[in-house]
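K.L.:
Below you will find the structure I want to go over with you.
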Amino acid sequence: MGNTEIAKKINILCLLIAIITVLVLPMKKEIWYDESISILCSKGITYDTPASFADSATISSGTINKLNTLHNVYIATINDNGNSLLYNVGLHWFTMLAGNTIAAYMLLSKLSSILALLAFFVLCRLFMKDSVYTGVAILLLMTDLNFIGMSHEIRAYSMGTFFIILAGVYFYKFMYEEEKPMYFFCTGLFSVTAVLSHYLSFYVVLMFLCYLLFVKKGRLFSVKNLLAVAIPVVIIGVYLYFAFLGLKYMSAQNQAIAHKVAAQPFTILHVITSSMALGAVDFREVLSAFGEKTAAIVLGFLVVVALYVFAIVKTTDKVEKRNLHLLFILGASGSIFLAALCLKSHHYTALYSRYHSFCTPYACLFMAYLMYVLSKNTGVNKLVIGGVMVITLLPSCVLFAMSVKKNNAIVKYSHTAIAKEIEADKVTKIEVPEWDDALLIQSLLPDDCKVDYALNKSSANFILYKANAIEHVTIIKTTN
């Protein structure tokens with residue numbers, strides 16, 4: 001068996017390990033505030049829905065289920081600043097088929113992550129053919145805590161990651177295989193679907209656009225290319241027109257955050273060092289994970305830059321240089337764009353690790369491709385490649401294993417447990433202190449489960465009316 005065949009088998013094995021890991025984790029799942037918002041939006045329930053029941057003493061499950069329409073999902077998405085329409089609609093349809101359990105809600109993200117891994121596998125092969133470093137890239141991505149975390153998060157990140165990787169596949173084909181209008185169309189279409197899944201995937205799309213303009217220049221504006229990208233442009237244009245109100249909500253939220261933290265110190269140094277720390281971790285150089293000291297953060301980031309420069313200097317192949325530049329730019333796009341958002345907004349909200357989800361695949365591929373390039377260079381000592389493995393893949397795997405072992409799901413919402421109890425014990429009536437509790441509980445119950453909800457503002461508990469008993473259950477609801 002040749003080396004190529006062995007490498008193929010190793011790569012497939014790594015892919016299977018990653019897919020199985022996505023399917024198996026987490027060992028225990030609890031939802032938090034943002035996930036509750038996604039669940040409610042997918043059922044056509046928005047922030048102001050509880051107010052519509054202000055004059056009601058009771059609500060039936062049937063009344064709540066009538067809210068679950070595609071139009072209401074759209075309205076709920078707009079009221080939630082217009083973000084994640086494609087995900088919310090997808091979750092709406094998916095749970096209509098798969099049910100309303102937490103496992104069903106979570107499964108859409110798992111499937112999106114598996115599709116992302118398959119697309120990533122294709123992308124890696126465009127750069128490295130059947131090299132064993134494709135398997136390295138997959139392991140680097142799999143052990144990224146954001147990627148694996150978002151694979152079971154009831155949020156839009158995994159879906160957005162899948163589409164932005166798929167856009168990257170066709171972007172590379174259009175750039176360096178053949179200037180087919182179909183490739184350009186697919187690049188545009190999947191870029192749009194990524195943005196419609198999550199707005200912040202836009203920073204990778206922006207890098208695609210800048211790179212296309214820089215390399216292709218005037219050739220990009222041929223009639224066939226303009227026609228190819230017309231449909232994606234119209235789709236995003238129409239959506240942004242109708243979602244303008246949501247964008248205004250987002251702007252208002254941003255201003256409210258800025259006003260709230262106005263008295264707190266804001267320094268450019270903190271923005272820079274935090275962006276460097278997050279960027280280094282994106283590239284799987286995890287020194288910054290072992291401490292928050294500025295020296296460790298700067299060192300971790302400089303190691304990545306030094307490896308980049310070293311690989312550029314060592315290779316004489318123009319294609320390899322070009323690919324290193326491209327992947328580094330895409331991998332660093334999150335750090336650059338999100339740091340710019342912080343500086344513009346004058347607060348640190350954008351310094352959120354999961355916002356880097358969309359550039360992380362490209363950063364992981366960059367690091368694997370760098371090792372691939374150095375491994376082909378006879379002038380580079382093999383110990384160098386081993387050293388890169390030691391500071392990237394090895395600690396990434398260790399930290400990943402530690403995170404799985406230490407994972408302790410904290411109950412932030414007791415509504416999931418209440419929904420299970422209602423279904424198991426055939427509860428037909430429950431008293432709730434607020435209508436939003438009833439809306440979330442019903443969103444976690446089968447559509448044919450008949451329950452009457454009564455408002456009891458004076459109660460600090462859920463009160464379940466069972467066949468032979470009345471049970472008071474402590475409410476857990478952490479809204480942050």
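Chain labels A, B, ... are given in the sequence in which chains occur in the structure tokens; within each chain residues are numbered consecutively from 1, and ligands are likewise numbered from 1 in the order shown.
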Near Phe171 (chain A), within 12 Å and counting only C-alpha atoms, which residues show up once chain neighbours fewer than 6 positions away are dropped, as a PyMOL selection string?

P.N.:
chain A and resi 123+126+163-165+177-191+204-205+207-209+211-212+326+330

K.L.:
Please provide as a list in words all residues within 6 Å of region 48-53 of chain A, with the sequence filter that same-chain residues fewer than 2 positions apart are discarded (counting only C-alpha atoms).

P.N.:
Thr46, Asp55, Ser56, Trp435 and Asp436 of chain A

K.L.:
Pick out the closest residue to Ile78 (chain A) from this set: A:Phe301, A:Phe366, A:Phe127, A:Tyr47. Count only C-alpha atoms.

P.N.:
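Of A:Phe301, A:Phe366, A:Phe127, A:Tyr47, the one nearest Ile78 (chain A), counting only C-alpha atoms, is A:Tyr47.
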
K.L.:
At what distance in Å, to one decimal, does CA of Ser112 (chain A) lie from CA of Leu196 (chain A)?

P.N.:
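So the answer is 14.5 Å.
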
K.L.:
If we count only C-alpha atoms and set the cut-off at 8 Å, which residues sit around Tyr355 (chain A), ignoring sequence neighbours fewer than 4 positions away in its own chain? Please answer as a ChimeraX atom specification.

P.N.:
/A:200,334,350-351

K.L.:
Output the selection as a PDB file, in the first residue's frame - N, CA and C atoms for each residue.

P.N.:
```
ATOM      1  N   LEU A 200     -22.534  37.877  11.276  1.00  0.00           N
ATOM      2  CA  LEU A 200     -21.105  38.083  11.469  1.00  0.00           C
ATOM      3  C   LEU A 200     -20.234  37.242  10.545  1.00  0.00           C
ATOM      4  N   GLY A 334     -11.397  37.397  11.356  1.00  0.00           N
ATOM      5  CA  GLY A 334     -12.224  37.613  12.532  1.00  0.00           C
ATOM      6  C   GLY A 334     -11.581  38.568  13.516  1.00  0.00           C
ATOM      7  N   ALA A 350     -17.877  42.770  21.016  1.00  0.00           N
ATOM      8  CA  ALA A 350     -17.434  41.974  19.856  1.00  0.00           C
ATOM      9  C   ALA A 350     -16.279  41.036  20.184  1.00  0.00           C
ATOM     10  N   LEU A 351     -15.668  41.206  21.365  1.00  0.00           N
ATOM     11  CA  LEU A 351     -14.569  40.318  21.767  1.00  0.00           C
ATOM     12  C   LEU A 351     -15.149  39.053  22.398  1.00  0.00           C
TER      13      LEU A 351
END
```

K.L.:
Please provide as a PyMOL selection string all residues within 7 Å of region 84-92 of chain A, with the sequence filter that same-chain residues fewer than 6 positions apart are discarded (counting only C-alpha atoms).

P.N.:
chain A and resi 38+41-43+73-74+77+108+156+159+196-198
